There are 2 protein chains.
Amino acid sequence: MNINTKLDEEFSHQQFRQGHDAGRMETEYMTLARCFAAVENGIAVLSNLNGRVSHIYYGAMGEFLGIAGRGTHHRIESIWEEEILSHVHPDDLIAKQLQELKFFQYAKKDCSGDPSGYSLESCLRMADASGTYHAVTHRIFYCNTNDRDIWLALCLYSFGTEGKGDAIIRNNTNGEVIRLTENDYTAILSNRETSVLRLIEQGKSSKEIAGMLSISVNTVNRHRQNILEKLHAGNSIEACRTAKELRII
Amino acid sequence: MNINTKLDEEFSHQQFRQGHDAGRMETEYMTLARCFAAVENGIAVLSNLNGRVSHIYYGAMGEFLGIAGRGTHHRIESIWEEEILSHVHPDDLIAKQLQELKFFQYAKKDCSGDPSGYSLESCLRMADASGTYHAVTHRIFYCNTNDRDIWLALCLYSFGTEGKGDAIIRNNTNGEVIRLTENDYTAILSNRETSVLRLIEQGKSSKEIAGMLSISVNTVNRHRQNILEKLHAGNSIEACRTAKELRII
């Protein structure tokens, strides 16, 4: 299971108790997305996490990256804007997905008040048609008002400045910032789990690892299971790949 | 004459040959400004440089800074949002005005294509009701399409991150950035003019300055006149104040 699947699961586990003005709200945010693309010339993606559809509006950036013409509007039957994501640098993509998972969990559980007061902000590298990378600012807003069930997400891509540092969650009602650093990802695995994963990566079997760390095979297998869960990976190879991308091992 | 007056003059010297859909465009940008305040919780100011009116939309930031309640909409008979500008740190305000003048001149003369493809982006310090300063990102977009007469300006204030560096003009159609550094302001005056202004600041008379620099009093007075013009100042005291704020002297 990769991180997108994990996010999908978390989205789907919501109850979606929407009020009667849900339709009006969606229309309003479609207007915003369209305006954003027109004024900031970026790319705006409004995803309905319940209806599993997205509206994508392209400003000049869409044309520059060779994705879609300026002023274009696409409706897709998915909440993942695959065509746009395929332009994101692979290293940034996995970081982005983990940041989104953290932001979603923060919005659902940890933030005080309405999740719509917060945004996730990060810097991505995105490739144009010739494969040259450009610095892009990526922002996510959840369009809630007084409800923990998040059903509308607005993603804004616009040209940004490189080296702005790590991703942040910003409280837009008072300017407070929570930094999501690489350390957050390192802390995903315990030291023992990291040791186990390093040995898995070297091709050792559970029995060999048990011997090397002086623990039982059962314990190694429990660690394995926890590693897969924590990294949202379907098997050891995927777990190693994710961990290396996150620079955990 | 201060910089705002200079900007006012430049705005007014335009011809405003608007097409028949000017009203529709203004309504559309009012929608955008309202949406921005709602989603990003910032403050959006849409100014009609021809009609000399502004529409101001407040998100939670307006409330946080003690200016106006979240969701409020004000219409003012001016293109200067004085109440908001009074919260900007005095040092940043004068820099902001010079940046705006540069951006306007760039949009009118130097940029290639439609000015609406560009934005001015800078970091300001803004005070809340208790006088504590907060980092705010300030962006200006001109809402033109295929016309050099700039009649709609959209200013967006949102919480930002300190130390992002100098102001930039961004080409939002390809990500290119033009940095407006302090050097730009230093370059406003020639070396000789800077010397003259330093002596003026020390309280020297034109005759004394002429003697010290071995030039004629007429030349000193010509320099004085150029300094006032370049710094958009009404008299020597104002010129010294501006030059010090810009760290030219």
# chains A, B, ... in the order shown; residues from 1 in each chain; ligands from 1

$ closest_atom_pairs --of "chain B" --to "chain A" --cutoff "7 Å" --atoms "only C-alpha atoms" --output "JSON lines"
{"residue": "B:Leu32", "atom": "CA", "partner": "A:Cys35", "partner_atom": "CA", "distance": 5.7}
{"residue": "B:Cys35", "atom": "CA", "partner": "A:Leu32", "partner_atom": "CA", "distance": 5.7}
{"residue": "B:Glu40", "atom": "CA", "partner": "A:Asn172", "partner_atom": "CA", "distance": 6.5}
{"residue": "B:Asn41", "atom": "CA", "partner": "A:Asn172", "partner_atom": "CA", "distance": 5.8}
{"residue": "B:Ala60", "atom": "CA", "partner": "A:Thr173", "partner_atom": "CA", "distance": 4.9}
{"residue": "B:Met61", "atom": "CA", "partner": "A:Thr173", "partner_atom": "CA", "distance": 5.5}
{"residue": "B:Phe64", "atom": "CA", "partner": "A:Asn174", "partner_atom": "CA", "distance": 6.2}
{"residue": "B:Phe159", "atom": "CA", "partner": "A:Gly175", "partner_atom": "CA", "distance": 5.0}
{"residue": "B:Asn172", "atom": "CA", "partner": "A:Asn41", "partner_atom": "CA", "distance": 5.8}
{"residue": "B:Thr173", "atom": "CA", "partner": "A:Ala60", "partner_atom": "CA", "distance": 4.9}
{"residue": "B:Asn174", "atom": "CA", "partner": "A:Phe64", "partner_atom": "CA", "distance": 6.2}
{"residue": "B:Gly175", "atom": "CA", "partner": "A:Phe159", "partner_atom": "CA", "distance": 5.0}

$ select_by_dssp --residues "segment 10-240 of chain B" --states "alpha helix (DSSP H)" --output "ChimeraX atom specification"
/B:10-12,22-39,60-64,82-85,90-105,182-186,191-201,206-213,217-230,236-240

$ select_by_dssp --residues "segment 9-183 of chain B" --states "strand (DSSP E)" --output "NGL selection string"
:B and (43-48 or 53-58 or 73-76 or 118-127 or 133-142 or 152-159 or 167-171 or 177-180)

$ atom_distance --atom1 "atom CA of Val196 of chain A" --atom2 "atom CA of Leu98 of chain A"
21.9 Å

$ atom_distance --atom1 "atom CA of Phe104 of chain B" --atom2 "atom CA of Ile237 of chain B"
26.4 Å

$ closest_residue --among "B:Ala37, B:Leu231, B:Ala153, B:Ile43" --to "Ile79 of chain B" --atoms "only C-alpha atoms"
B:Ala153

$ residues_around --residues "Ala107 of chain B" --least-positions-apart "2" --cutoff "9 Å" --atoms "only C-alpha atoms" --output "ChimeraX atom specification"
/B:102-105,109-112,114-116,118,142,148,150

$ write_last_selection --atoms "N, CA and C atoms" --output "mmCIF file, in the first residue's frame"
data_model
loop_
_atom_site.group_PDB
_atom_site.id
_atom_site.type_symbol
_atom_site.label_atom_id
_atom_site.label_comp_id
_atom_site.auth_asym_id
_atom_site.auth_seq_id
_atom_site.Cartn_x
_atom_site.Cartn_y
_atom_site.Cartn_z
ATOM 1 N N LYS B 102 8.297 51.249 -8.868
ATOM 2 C CA LYS B 102 9.127 50.486 -9.803
ATOM 3 C C LYS B 102 8.293 49.466 -10.563
ATOM 4 N N PHE B 103 7.389 48.785 -9.843
ATOM 5 C CA PHE B 103 6.564 47.754 -10.479
ATOM 6 C C PHE B 103 5.646 48.380 -11.523
ATOM 7 N N PHE B 104 5.075 49.520 -11.179
ATOM 8 C CA PHE B 104 4.187 50.207 -12.113
ATOM 9 C C PHE B 104 4.952 50.590 -13.379
ATOM 10 N N GLN B 105 6.150 51.154 -13.172
ATOM 11 C CA GLN B 105 6.956 51.567 -14.325
ATOM 12 C C GLN B 105 7.352 50.348 -15.167
ATOM 13 N N LYS B 109 6.259 49.910 -19.039
ATOM 14 C CA LYS B 109 7.277 50.117 -20.081
ATOM 15 C C LYS B 109 8.112 48.882 -20.388
ATOM 16 N N ASP B 110 8.602 48.212 -19.337
ATOM 17 C CA ASP B 110 9.688 47.258 -19.540
ATOM 18 C C ASP B 110 9.245 45.815 -19.735
ATOM 19 N N CYS B 111 8.101 45.433 -19.177
ATOM 20 C CA CYS B 111 7.750 44.014 -19.234
ATOM 21 C C CYS B 111 7.328 43.642 -20.642
ATOM 22 N N SER B 112 7.524 42.380 -20.969
ATOM 23 C CA SER B 112 7.100 41.922 -22.291
ATOM 24 C C SER B 112 5.704 41.341 -22.154
ATOM 25 N N ASP B 114 1.490 41.209 -21.669
ATOM 26 C CA ASP B 114 0.437 41.719 -20.794
ATOM 27 C C ASP B 114 0.944 41.874 -19.361
ATOM 28 N N PRO B 115 0.794 43.066 -18.765
ATOM 29 C CA PRO B 115 1.242 43.269 -17.375
ATOM 30 C C PRO B 115 0.575 42.299 -16.388
ATOM 31 N N SER B 116 -0.556 41.727 -16.747
ATOM 32 C CA SER B 116 -1.248 40.838 -15.801
ATOM 33 C C SER B 116 -0.477 39.540 -15.578
ATOM 34 N N TYR B 118 2.478 39.420 -14.469
ATOM 35 C CA TYR B 118 3.514 39.700 -13.476
ATOM 36 C C TYR B 118 2.900 40.031 -12.116
ATOM 37 N N TYR B 142 -1.708 43.425 -11.401
ATOM 38 C CA TYR B 142 -2.502 44.320 -12.237
ATOM 39 C C TYR B 142 -3.402 43.446 -13.096
ATOM 40 N N ARG B 148 -1.904 48.449 -21.963
ATOM 41 C CA ARG B 148 -0.887 49.000 -21.061
ATOM 42 C C ARG B 148 -1.489 49.979 -20.046
ATOM 43 N N ILE B 150 -3.239 50.608 -16.936
ATOM 44 C CA ILE B 150 -3.521 49.774 -15.777
ATOM 45 C C ILE B 150 -4.596 50.448 -14.942
#

$ atom_distance --atom1 "atom CA of Glu81 of chain A" --atom2 "atom CA of Tyr157 of chain A"
11.7 Å

$ residues_around --residues "Lys96 of chain A" --least-positions-apart "3" --cutoff "12 Å" --atoms "only C-alpha atoms" --output "PDB file with N, CA and C atoms, in the first residue's frame"
ATOM      1  N   ILE A   3       1.443   5.614  -0.157  1.00  0.00           N
ATOM      2  CA  ILE A   3       0.920   6.675   0.700  1.00  0.00           C
ATOM      3  C   ILE A   3      -0.387   7.240   0.167  1.00  0.00           C
ATOM      4  N   ASN A   4      -0.496   7.317  -1.172  1.00  0.00           N
ATOM      5  CA  ASN A   4      -1.759   7.793  -1.747  1.00  0.00           C
ATOM      6  C   ASN A   4      -2.923   6.907  -1.324  1.00  0.00           C
ATOM      7  N   LEU A   7      -3.827   7.685   2.129  1.00  0.00           N
ATOM      8  CA  LEU A   7      -4.579   8.943   2.188  1.00  0.00           C
ATOM      9  C   LEU A   7      -6.012   8.720   1.714  1.00  0.00           C
ATOM     10  N   LEU A  85       0.870  15.662 -11.267  1.00  0.00           N
ATOM     11  CA  LEU A  85       1.824  15.034 -10.344  1.00  0.00           C
ATOM     12  C   LEU A  85       2.984  14.369 -11.091  1.00  0.00           C
ATOM     13  N   VAL A  88       6.066  16.382 -11.150  1.00  0.00           N
ATOM     14  CA  VAL A  88       6.780  16.685  -9.900  1.00  0.00           C
ATOM     15  C   VAL A  88       8.008  15.782  -9.787  1.00  0.00           C
ATOM     16  N   HIS A  89       9.124  16.344  -9.330  1.00  0.00           N
ATOM     17  CA  HIS A  89      10.347  15.569  -9.122  1.00  0.00           C
ATOM     18  C   HIS A  89      10.040  14.374  -8.209  1.00  0.00           C
ATOM     19  N   PRO A  90      10.474  13.152  -8.570  1.00  0.00           N
ATOM     20  CA  PRO A  90      10.114  11.957  -7.782  1.00  0.00           C
ATOM     21  C   PRO A  90      10.439  12.083  -6.294  1.00  0.00           C
ATOM     22  N   ASP A  91      11.584  12.679  -5.954  1.00  0.00           N
ATOM     23  CA  ASP A  91      11.935  12.855  -4.538  1.00  0.00           C
ATOM     24  C   ASP A  91      10.934  13.757  -3.822  1.00  0.00           C
ATOM     25  N   ASP A  92      10.474  14.785  -4.533  1.00  0.00           N
ATOM     26  CA  ASP A  92       9.549  15.736  -3.911  1.00  0.00           C
ATOM     27  C   ASP A  92       8.158  15.130  -3.791  1.00  0.00           C
ATOM     28  N   LEU A  93       7.840  14.222  -4.723  1.00  0.00           N
ATOM     29  CA  LEU A  93       6.489  13.661  -4.751  1.00  0.00           C
ATOM     30  C   LEU A  93       6.199  12.844  -3.499  1.00  0.00           C
ATOM     31  N   GLN A  99       3.666  14.771   3.542  1.00  0.00           N
ATOM     32  CA  GLN A  99       3.243  16.059   4.106  1.00  0.00           C
ATOM     33  C   GLN A  99       1.718  16.163   4.086  1.00  0.00           C
ATOM     34  N   GLU A 100       1.120  15.712   2.992  1.00  0.00           N
ATOM     35  CA  GLU A 100      -0.337  15.781   2.878  1.00  0.00           C
ATOM     36  C   GLU A 100      -1.014  14.908   3.919  1.00  0.00           C
ATOM     37  N   LEU A 101      -0.424  13.731   4.146  1.00  0.00           N
ATOM     38  CA  LEU A 101      -0.963  12.819   5.160  1.00  0.00           C
ATOM     39  C   LEU A 101      -0.891  13.485   6.538  1.00  0.00           C
ATOM     40  N   LYS A 102       0.255  14.085   6.830  1.00  0.00           N
ATOM     41  CA  LYS A 102       0.420  14.786   8.109  1.00  0.00           C
ATOM     42  C   LYS A 102      -0.563  15.946   8.242  1.00  0.00           C
ATOM     43  N   PHE A 103      -0.727  16.693   7.151  1.00  0.00           N
ATOM     44  CA  PHE A 103      -1.626  17.849   7.184  1.00  0.00           C
ATOM     45  C   PHE A 103      -3.066  17.392   7.409  1.00  0.00           C
ATOM     46  N   LEU A 120      -1.268  24.024   4.052  1.00  0.00           N
ATOM     47  CA  LEU A 120       0.031  23.358   3.927  1.00  0.00           C
ATOM     48  C   LEU A 120       0.766  24.062   2.799  1.00  0.00           C
ATOM     49  N   GLU A 121       2.036  24.378   3.023  1.00  0.00           N
ATOM     50  CA  GLU A 121       2.796  25.122   2.020  1.00  0.00           C
ATOM     51  C   GLU A 121       4.149  24.461   1.832  1.00  0.00           C
ATOM     52  N   SER A 122       4.506  24.152   0.604  1.00  0.00           N
ATOM     53  CA  SER A 122       5.817  23.544   0.370  1.00  0.00           C
ATOM     54  C   SER A 122       6.351  23.955  -0.993  1.00  0.00           C
ATOM     55  N   CYS A 123       7.622  23.670  -1.200  1.00  0.00           N
ATOM     56  CA  CYS A 123       8.260  24.008  -2.464  1.00  0.00           C
ATOM     57  C   CYS A 123       8.555  22.720  -3.219  1.00  0.00           C
ATOM     58  N   LEU A 124       8.100  22.628  -4.453  1.00  0.00           N
ATOM     59  CA  LEU A 124       8.314  21.438  -5.274  1.00  0.00           C
ATOM     60  C   LEU A 124       9.160  21.810  -6.482  1.00  0.00           C
ATOM     61  N   ARG A 125       9.810  20.796  -7.050  1.00  0.00           N
ATOM     62  CA  ARG A 125      10.422  20.992  -8.358  1.00  0.00           C
ATOM     63  C   ARG A 125       9.511  20.338  -9.383  1.00  0.00           C
ATOM     64  N   THR A 137       5.642  26.688  -5.840  1.00  0.00           N
ATOM     65  CA  THR A 137       5.037  26.687  -4.506  1.00  0.00           C
ATOM     66  C   THR A 137       3.718  25.920  -4.582  1.00  0.00           C
ATOM     67  N   HIS A 138       3.550  24.986  -3.652  1.00  0.00           N
ATOM     68  CA  HIS A 138       2.341  24.171  -3.621  1.00  0.00           C
ATOM     69  C   HIS A 138       1.623  24.452  -2.310  1.00  0.00           C
ATOM     70  N   ARG A 139       0.347  24.803  -2.414  1.00  0.00           N
ATOM     71  CA  ARG A 139      -0.426  25.071  -1.200  1.00  0.00           C
ATOM     72  C   ARG A 139      -1.718  24.269  -1.205  1.00  0.00           C
ATOM     73  N   ILE A 140      -2.091  23.761  -0.040  1.00  0.00           N
ATOM     74  CA  ILE A 140      -3.364  23.053   0.086  1.00  0.00           C
ATOM     75  C   ILE A 140      -4.220  23.752   1.137  1.00  0.00           C
ATOM     76  N   CYS A 155      -5.954  22.683  -4.092  1.00  0.00           N
ATOM     77  CA  CYS A 155      -4.489  22.669  -4.246  1.00  0.00           C
ATOM     78  C   CYS A 155      -4.095  23.735  -5.249  1.00  0.00           C
ATOM     79  N   ASP A 166      11.792  23.809   4.360  1.00  0.00           N
ATOM     80  CA  ASP A 166      10.874  22.685   4.509  1.00  0.00           C
ATOM     81  C   ASP A 166       9.421  23.103   4.341  1.00  0.00           C
ATOM     82  N   ALA A 167       8.579  22.094   4.343  1.00  0.00           N
ATOM     83  CA  ALA A 167       7.146  22.345   4.278  1.00  0.00           C
ATOM     84  C   ALA A 167       6.657  22.906   5.609  1.00  0.00           C
ATOM     85  N   ILE A 168       5.620  23.714   5.523  1.00  0.00           N
ATOM     86  CA  ILE A 168       5.031  24.251   6.752  1.00  0.00           C
ATOM     87  C   ILE A 168       3.518  24.109   6.728  1.00  0.00           C
ATOM     88  N   LEU A 180       7.329  21.199   9.119  1.00  0.00           N
ATOM     89  CA  LEU A 180       7.422  19.753   8.904  1.00  0.00           C
ATOM     90  C   LEU A 180       8.811  19.489   8.353  1.00  0.00           C
ATOM     91  N   THR A 181       9.712  19.043   9.211  1.00  0.00           N
ATOM     92  CA  THR A 181      11.093  18.859   8.756  1.00  0.00           C
ATOM     93  C   THR A 181      11.341  17.384   8.458  1.00  0.00           C
ATOM     94  N   GLU A 182      12.529  17.125   7.899  1.00  0.00           N
ATOM     95  CA  GLU A 182      12.908  15.736   7.614  1.00  0.00           C
ATOM     96  C   GLU A 182      12.890  14.890   8.885  1.00  0.00           C
ATOM     97  N   TYR A 185      10.041  12.685   9.514  1.00  0.00           N
ATOM     98  CA  TYR A 185       9.998  11.397   8.820  1.00  0.00           C
ATOM     99  C   TYR A 185      10.934  10.400   9.479  1.00  0.00           C
ATOM    100  N   GLU A 245      14.057   7.165   0.094  1.00  0.00           N
ATOM    101  CA  GLU A 245      13.617   8.463  -0.427  1.00  0.00           C
ATOM    102  C   GLU A 245      13.470   9.482   0.698  1.00  0.00           C
ATOM    103  N   LEU A 246      13.060   8.982   1.866  1.00  0.00           N
ATOM    104  CA  LEU A 246      12.907   9.877   3.020  1.00  0.00           C
ATOM    105  C   LEU A 246      14.220  10.029   3.789  1.00  0.00           C
TER     106      LEU A 246
END

$ residues_around --residues "segment 202-209 of chain B" --least-positions-apart "3" --cutoff "12 Å" --atoms "only C-alpha atoms" --output "VMD selection string"
chain B and resid 192 to 193 195 to 199 212 to 225 236 to 237 240 249

$ write_last_selection --atoms "N, CA, C and O atoms" --output "mmCIF file, in the first residue's frame"
data_model
loop_
_atom_site.group_PDB
_atom_site.id
_atom_site.type_symbol
_atom_site.label_atom_id
_atom_site.label_comp_id
_atom_site.auth_asym_id
_atom_site.auth_seq_id
_atom_site.Cartn_x
_atom_site.Cartn_y
_atom_site.Cartn_z
ATOM 1 N N ARG B 192 27.904 61.827 -6.886
ATOM 2 C CA ARG B 192 28.030 63.249 -6.563
ATOM 3 C C ARG B 192 26.777 63.733 -5.800
ATOM 4 O O ARG B 192 26.885 64.454 -4.815
ATOM 5 N N GLU B 193 25.614 63.269 -6.267
ATOM 6 C CA GLU B 193 24.367 63.663 -5.582
ATOM 7 C C GLU B 193 24.349 63.148 -4.142
ATOM 8 O O GLU B 193 23.913 63.839 -3.222
ATOM 9 N N SER B 195 26.962 62.632 -2.266
ATOM 10 C CA SER B 195 27.877 63.494 -1.496
ATOM 11 C C SER B 195 27.175 64.796 -1.113
ATOM 12 O O SER B 195 27.261 65.260 0.031
ATOM 13 N N VAL B 196 26.503 65.397 -2.098
ATOM 14 C CA VAL B 196 25.803 66.667 -1.833
ATOM 15 C C VAL B 196 24.759 66.468 -0.740
ATOM 16 O O VAL B 196 24.668 67.253 0.210
ATOM 17 N N LEU B 197 23.984 65.376 -0.834
ATOM 18 C CA LEU B 197 22.909 65.149 0.137
ATOM 19 C C LEU B 197 23.478 64.917 1.539
ATOM 20 O O LEU B 197 22.915 65.382 2.536
ATOM 21 N N ARG B 198 24.627 64.216 1.613
ATOM 22 C CA ARG B 198 25.268 63.994 2.925
ATOM 23 C C ARG B 198 25.631 65.334 3.559
ATOM 24 O O ARG B 198 25.470 65.536 4.753
ATOM 25 N N LEU B 199 26.130 66.263 2.731
ATOM 26 C CA LEU B 199 26.527 67.587 3.253
ATOM 27 C C LEU B 199 25.285 68.401 3.645
ATOM 28 O O LEU B 199 25.281 69.100 4.663
ATOM 29 N N MET B 212 33.279 73.198 -0.622
ATOM 30 C CA MET B 212 33.886 71.931 -0.215
ATOM 31 C C MET B 212 34.109 70.998 -1.401
ATOM 32 O O MET B 212 35.067 70.222 -1.404
ATOM 33 N N LEU B 213 33.212 71.046 -2.378
ATOM 34 C CA LEU B 213 33.334 70.114 -3.511
ATOM 35 C C LEU B 213 33.991 70.779 -4.727
ATOM 36 O O LEU B 213 34.106 70.162 -5.791
ATOM 37 N N SER B 214 34.408 72.047 -4.552
ATOM 38 C CA SER B 214 35.010 72.802 -5.667
ATOM 39 C C SER B 214 34.129 72.811 -6.908
ATOM 40 O O SER B 214 34.570 72.504 -8.026
ATOM 41 N N ILE B 215 32.856 73.123 -6.699
ATOM 42 C CA ILE B 215 31.934 73.293 -7.832
ATOM 43 C C ILE B 215 31.176 74.604 -7.613
ATOM 44 O O ILE B 215 31.268 75.203 -6.535
ATOM 45 N N SER B 216 30.433 75.028 -8.612
ATOM 46 C CA SER B 216 29.722 76.299 -8.475
ATOM 47 C C SER B 216 28.433 76.108 -7.671
ATOM 48 O O SER B 216 27.904 74.996 -7.573
ATOM 49 N N VAL B 217 27.947 77.231 -7.108
ATOM 50 C CA VAL B 217 26.684 77.179 -6.360
ATOM 51 C C VAL B 217 25.545 76.739 -7.283
ATOM 52 O O VAL B 217 24.659 75.992 -6.881
ATOM 53 N N ASN B 218 25.600 77.183 -8.530
ATOM 54 C CA ASN B 218 24.575 76.766 -9.506
ATOM 55 C C ASN B 218 24.540 75.253 -9.666
ATOM 56 O O ASN B 218 23.473 74.641 -9.734
ATOM 57 N N THR B 219 25.723 74.650 -9.745
ATOM 58 C CA THR B 219 25.800 73.187 -9.882
ATOM 59 C C THR B 219 25.212 72.508 -8.645
ATOM 60 O O THR B 219 24.461 71.539 -8.756
ATOM 61 N N VAL B 220 25.555 73.037 -7.462
ATOM 62 C CA VAL B 220 24.991 72.474 -6.226
ATOM 63 C C VAL B 220 23.469 72.536 -6.290
ATOM 64 O O VAL B 220 22.783 71.547 -5.983
ATOM 65 N N ASN B 221 22.949 73.675 -6.717
ATOM 66 C CA ASN B 221 21.494 73.822 -6.759
ATOM 67 C C ASN B 221 20.844 72.904 -7.800
ATOM 68 O O ASN B 221 19.734 72.408 -7.588
ATOM 69 N N ARG B 222 21.570 72.658 -8.882
ATOM 70 C CA ARG B 222 21.053 71.712 -9.881
ATOM 71 C C ARG B 222 20.998 70.304 -9.258
ATOM 72 O O ARG B 222 20.018 69.584 -9.404
ATOM 73 N N HIS B 223 22.088 69.947 -8.541
ATOM 74 C CA HIS B 223 22.097 68.651 -7.841
ATOM 75 C C HIS B 223 20.926 68.552 -6.864
ATOM 76 O O HIS B 223 20.229 67.549 -6.813
ATOM 77 N N ARG B 224 20.724 69.621 -6.065
ATOM 78 C CA ARG B 224 19.613 69.654 -5.104
ATOM 79 C C ARG B 224 18.285 69.333 -5.797
ATOM 80 O O ARG B 224 17.493 68.526 -5.321
ATOM 81 N N GLN B 225 18.068 70.010 -6.933
ATOM 82 C CA GLN B 225 16.814 69.844 -7.658
ATOM 83 C C GLN B 225 16.644 68.393 -8.122
ATOM 84 O O GLN B 225 15.573 67.802 -7.971
ATOM 85 N N SER B 236 14.413 69.530 1.273
ATOM 86 C CA SER B 236 15.647 68.831 1.642
ATOM 87 C C SER B 236 15.453 67.910 2.844
ATOM 88 O O SER B 236 16.025 66.825 2.899
ATOM 89 N N ILE B 237 14.654 68.357 3.818
ATOM 90 C CA ILE B 237 14.451 67.541 5.023
ATOM 91 C C ILE B 237 13.792 66.211 4.644
ATOM 92 O O ILE B 237 14.217 65.134 5.079
ATOM 93 N N CYS B 240 16.271 63.966 2.896
ATOM 94 C CA CYS B 240 17.206 63.318 3.826
ATOM 95 C C CYS B 240 16.526 62.147 4.537
ATOM 96 O O CYS B 240 17.120 61.077 4.690
ATOM 97 N N ILE B 249 22.061 57.266 2.412
ATOM 98 C CA ILE B 249 23.075 58.076 3.132
ATOM 99 C C ILE B 249 23.159 57.603 4.581
ATOM 100 O O ILE B 249 22.278 56.944 5.069
#

$ residues_around --residues "Gln15 of chain B" --least-positions-apart "6" --cutoff "12 Å" --atoms "only C-alpha atoms" --output "ChimeraX atom specification"
/B:49-50,147-151

$ write_last_selection --atoms "N, CA and C atoms" --output "mmCIF file, in the first residue's frame"
data_model
loop_
_atom_site.group_PDB
_atom_site.id
_atom_site.type_symbol
_atom_site.label_atom_id
_atom_site.label_comp_id
_atom_site.auth_asym_id
_atom_site.auth_seq_id
_atom_site.Cartn_x
_atom_site.Cartn_y
_atom_site.Cartn_z
ATOM 1 N N LEU B 49 -8.102 52.287 -10.368
ATOM 2 C CA LEU B 49 -7.232 53.461 -10.446
ATOM 3 C C LEU B 49 -7.878 54.578 -11.254
ATOM 4 N N ASN B 50 -8.877 54.233 -12.049
ATOM 5 C CA ASN B 50 -9.595 55.236 -12.827
ATOM 6 C C ASN B 50 -10.744 55.815 -11.996
ATOM 7 N N ASP B 147 -3.560 45.441 -22.555
ATOM 8 C CA ASP B 147 -3.668 46.891 -22.566
ATOM 9 C C ASP B 147 -2.652 47.421 -21.569
ATOM 10 N N ARG B 148 -1.904 48.449 -21.963
ATOM 11 C CA ARG B 148 -0.887 49.000 -21.061
ATOM 12 C C ARG B 148 -1.489 49.979 -20.046
ATOM 13 N N ASP B 149 -2.752 50.342 -20.238
ATOM 14 C CA ASP B 149 -3.366 51.220 -19.244
ATOM 15 C C ASP B 149 -3.856 50.383 -18.070
ATOM 16 N N ILE B 150 -3.239 50.608 -16.936
ATOM 17 C CA ILE B 150 -3.521 49.774 -15.777
ATOM 18 C C ILE B 150 -4.596 50.448 -14.942
ATOM 19 N N TRP B 151 -5.737 49.807 -14.857
ATOM 20 C CA TRP B 151 -6.849 50.474 -14.155
ATOM 21 C C TRP B 151 -7.383 49.667 -12.986
#
